[in-house]
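**Student:** Below is the file model_38.cif, which contains mmCIF, C-alpha atoms and all ligand atoms.
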```cif
data_query
#
loop_
_atom_site.group_PDB
_atom_site.id
_atom_site.type_symbol
_atom_site.label_atom_id
_atom_site.label_comp_id
_atom_site.auth_asym_id
_atom_site.auth_seq_id
_atom_site.Cartn_x
_atom_site.Cartn_y
_atom_site.Cartn_z
ATOM 1 C CA MET A 237 39.836 4.746 -28.711
ATOM 2 C CA TYR A 238 36.392 5.525 -27.345
ATOM 3 C CA MET A 239 33.640 3.490 -29.009
ATOM 4 C CA GLU A 240 29.914 3.139 -28.600
ATOM 5 C CA GLU A 241 27.914 0.258 -29.870
ATOM 6 C CA TYR A 242 24.430 -1.159 -29.729
ATOM 7 C CA THR A 243 23.969 -4.319 -27.689
ATOM 8 C CA PHE A 244 21.087 -6.765 -27.919
ATOM 9 C CA VAL A 245 18.915 -6.545 -24.797
ATOM 10 C CA SER A 246 15.549 -8.171 -25.414
ATOM 11 C CA LEU A 247 13.226 -9.477 -28.077
ATOM 12 C CA VAL A 248 10.382 -7.039 -28.787
ATOM 13 C CA THR A 249 7.923 -9.855 -27.984
ATOM 14 C CA GLU A 250 9.387 -10.323 -24.485
ATOM 15 C CA LEU A 251 8.438 -6.846 -23.275
ATOM 16 C CA PRO A 252 4.793 -5.914 -23.926
ATOM 17 C CA ALA A 253 3.634 -2.274 -24.077
ATOM 18 C CA GLY A 254 3.300 -0.783 -20.601
ATOM 19 C CA SER A 255 5.916 -3.057 -19.049
ATOM 20 C CA MET A 256 9.440 -2.577 -17.780
ATOM 21 C CA ARG A 257 12.208 -4.986 -16.837
ATOM 22 C CA THR A 258 15.759 -5.048 -15.571
ATOM 23 C CA TYR A 259 18.589 -6.368 -17.741
ATOM 24 C CA SER A 260 22.308 -6.736 -17.340
ATOM 25 C CA VAL A 261 23.999 -5.191 -20.336
ATOM 26 C CA ARG A 262 27.766 -5.110 -20.681
ATOM 27 C CA GLY A 263 28.302 -4.757 -16.962
ATOM 28 C CA ARG A 264 25.510 -2.243 -16.406
ATOM 29 C CA GLN A 265 22.103 -2.722 -14.872
ATOM 30 C CA ILE A 266 19.581 -1.198 -17.267
ATOM 31 C CA ALA A 267 15.811 -0.763 -17.001
ATOM 32 C CA LEU A 268 14.097 -1.164 -20.366
ATOM 33 C CA ALA A 269 10.558 0.177 -20.794
ATOM 34 C CA ASN A 270 8.015 -0.283 -23.553
ATOM 35 C CA VAL A 271 5.918 2.889 -23.841
ATOM 36 C CA ASP A 272 3.227 2.321 -26.480
ATOM 37 C CA GLY A 273 5.576 0.266 -28.629
ATOM 38 C CA ASN A 274 8.587 2.560 -28.234
ATOM 39 C CA PHE A 275 11.515 1.339 -26.162
ATOM 40 C CA PHE A 276 13.456 3.456 -23.664
ATOM 41 C CA ALA A 277 16.437 2.499 -21.527
ATOM 42 C CA VAL A 278 17.646 4.153 -18.327
ATOM 43 C CA ASP A 279 19.951 3.176 -15.477
ATOM 44 C CA ASP A 280 18.056 0.734 -13.297
ATOM 45 C CA ILE A 281 19.182 1.980 -9.896
ATOM 46 C CA CYS A 282 17.159 4.682 -8.160
ATOM 47 C CA THR A 283 19.376 7.562 -7.030
ATOM 48 C CA HIS A 284 17.627 7.681 -3.654
ATOM 49 C CA GLU A 285 18.397 4.376 -1.911
ATOM 50 C CA HIS A 286 19.337 2.192 -4.856
ATOM 51 C CA CYS A 287 16.166 0.187 -5.457
ATOM 52 C CA SER A 288 15.721 -1.424 -8.860
ATOM 53 C CA LEU A 289 13.384 0.633 -11.032
ATOM 54 C CA GLY A 290 12.832 -2.111 -13.591
ATOM 55 C CA SER A 291 12.130 -4.864 -11.066
ATOM 56 C CA ASP A 292 10.341 -3.022 -8.244
ATOM 57 C CA GLY A 293 9.005 0.089 -9.980
ATOM 58 C CA ALA A 294 5.667 0.695 -11.671
ATOM 59 C CA LEU A 295 5.414 2.129 -15.175
ATOM 60 C CA ASP A 296 2.630 4.651 -15.817
ATOM 61 C CA GLY A 297 2.862 5.940 -19.382
ATOM 62 C CA ASN A 298 6.407 7.279 -19.679
ATOM 63 C CA VAL A 299 6.843 7.665 -15.906
ATOM 64 C CA VAL A 300 8.395 5.021 -13.662
ATOM 65 C CA ILE A 301 7.499 5.213 -9.990
ATOM 66 C CA CYS A 302 10.126 3.712 -7.702
ATOM 67 C CA GLY A 303 8.648 0.869 -5.661
ATOM 68 C CA CYS A 304 10.550 1.818 -2.499
ATOM 69 C CA HIS A 305 9.651 5.437 -1.698
ATOM 70 C CA GLY A 306 7.782 6.743 -4.725
ATOM 71 C CA ALA A 307 10.359 8.820 -6.595
ATOM 72 C CA GLN A 308 9.369 9.344 -10.227
ATOM 73 C CA TYR A 309 11.465 9.474 -13.379
ATOM 74 C CA ASP A 310 10.711 10.087 -17.041
ATOM 75 C CA VAL A 311 11.938 6.908 -18.762
ATOM 76 C CA MET A 312 12.317 8.816 -22.046
ATOM 77 C CA THR A 313 15.028 11.081 -20.611
ATOM 78 C CA GLY A 314 15.974 9.708 -17.177
ATOM 79 C CA GLU A 315 14.943 13.041 -15.642
ATOM 80 C CA VAL A 316 13.764 12.908 -12.047
ATOM 81 C CA LEU A 317 10.198 14.238 -11.744
ATOM 82 C CA ALA A 318 9.396 13.717 -8.063
ATOM 83 C CA PRO A 319 11.342 13.314 -4.801
ATOM 84 C CA PRO A 320 12.890 11.792 -2.817
ATOM 85 C CA ALA A 321 15.369 10.921 -5.591
ATOM 86 C CA PRO A 322 18.100 13.590 -5.577
ATOM 87 C CA ARG A 323 19.335 13.098 -9.136
ATOM 88 C CA SER A 324 18.247 11.947 -12.582
ATOM 89 C CA VAL A 325 19.384 8.597 -13.991
ATOM 90 C CA SER A 326 21.305 8.172 -17.243
ATOM 91 C CA SER A 327 19.347 7.306 -20.357
ATOM 92 C CA TYR A 328 20.553 5.317 -23.363
ATOM 93 C CA GLU A 329 19.634 5.339 -27.033
ATOM 94 C CA THR A 330 17.679 2.357 -28.264
ATOM 95 C CA LYS A 331 16.739 0.950 -31.640
ATOM 96 C CA VAL A 332 14.722 -1.999 -32.894
ATOM 97 C CA GLU A 333 16.166 -4.283 -35.564
ATOM 98 C CA ASP A 334 14.594 -7.532 -36.787
ATOM 99 C CA GLY A 335 12.382 -7.752 -33.697
ATOM 100 C CA LYS A 336 15.296 -7.155 -31.345
ATOM 101 C CA VAL A 337 15.676 -4.225 -28.972
ATOM 102 C CA MET A 338 19.220 -2.875 -29.000
ATOM 103 C CA VAL A 339 20.676 -0.368 -26.523
ATOM 104 C CA LYS A 340 23.680 1.875 -27.128
ATOM 105 C CA ILE A 341 26.046 1.624 -24.168
ATOM 106 C CA PRO A 342 28.997 4.005 -24.040
HETATM 107 S S1 LIG B 401 14.948 4.052 -3.415
HETATM 108 FE FE1 LIG B 401 13.763 4.912 -4.981
HETATM 109 S S2 LIG B 401 12.562 6.387 -3.958
HETATM 110 FE FE2 LIG B 401 13.786 5.543 -2.387
#
```
Please render this file's structure as structure tokens.
**Tutor:**
Amino acid sequence: MYMEEYTFVSLVTELPAGSMRTYSVRGRQIALANVDGNFFAVDDICTHEHCSLGSDGALDGNVVICGCHGAQYDVMTGEVLAPPAPRSVSSYETKVEDGKVMVKIP
């Protein structure tokens, strides 16, 4: 049977507003971003040449700029906004419970 569940990723206090980090979650590499107190999760790996968005990218509002060649993605949706990335990245639902950020991984 196919099941989805939320997995603990980070304490709210570990990821201040305007920051982004890479986490390993149930075998996936996820980039978690705090945009003005709201948390968004996308696949961490840039679709261009596989740089880590959470570790090497820069977050500007809801846009992450890849640190390698400047591709841009909307962290709220995973949509690619600027080349050279050829494709969007997956995004994941998040929720906050008791000061913990949880991400729903399929
Ligand atoms: S690896 Fe991200 S823009 Fe090239």
**Student:** Around all the atoms of range 256-262 of chain A listed in the file, with 4 Å of room on each side, what axis-aligned box do you get, giving centre and edge lengths in Å to one decimal, as AutoDock Vina command-line options?
**Tutor:**
```
--center_x 18.6 --center_y -4.7 --center_z -18.1 --size_x 26.3 --size_y 12.2 --size_z 13.1
```
**Student:** For this file, the PyMOL selection byres (((chain A and resi 293) around 12) and not hetatm) selects which residues, as a PyMOL selection string?
**Tutor:** chain A and resi 255-258+267-269+280-282+286-292+294-296+299-309+311
**Student:** For this structure, which residues satisfy the selection - the PyMOL selection byres (((chain A and resi 339-342) around 10) and not hetatm) - when it is evaluated on the file as given? I want them as a PyMOL selection string.
**Tutor:** chain A and resi 238-246+261-264+266+268+275-278+327-332+336-338
**Student:** Using Å and a single decimal, report how far CA of Pro252 in chain A sits from CA of Gly297 in chain A.
**Tutor:**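 Separation of CA of Gly297 in chain A and CA of Pro252 in chain A: 12.8 Å.
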**Student:** Go through A:Pro322, A:Gly314, A:Gly273, A:Gly254 one by one, measure the shortest atom-to-atom distance of each to ligand LIG 401 (chain B) using all atoms listed in the file, and give the residue with the smallest value.
**Tutor:** A:Pro322
**Student:** Check which residues satisfy the PyMOL selection byres (((chain A and resi 321) around 6) and not hetatm) in the file shown, then give them as a list in words.
**Tutor:**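 Output of the PyMOL selection byres (((chain A and resi 321) around 6) and not hetatm): Thr283, His284, Ala307, Pro319, Pro320, Pro322 and Arg323 of chain A.
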**Student:** Work out how far CA of Ser326 in chain A is from CA of Asp279 in chain A, in Å to one decimal.
**Tutor:** 5.5 Å
**Student:** Which of these, A:Asp272, A:Asp310, A:Glu285, A:Asp334, has the shortest distance to ligand LIG 401 (chain B) once you count only C-alpha atoms and all ligand atoms?
**Tutor:**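 Between A:Asp272, A:Asp310, A:Glu285, A:Asp334, the residue approaching ligand LIG 401 (chain B) most closely is A:Glu285.
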**Student:** Between A:Thr313, A:Tyr259, A:Glu333, A:Ala318, which has the minimum distance to ligand LIG 401 (chain B) (counting only C-alpha atoms and all ligand atoms)?
**Tutor:**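 The closest residue to ligand LIG 401 (chain B) is A:Ala318.
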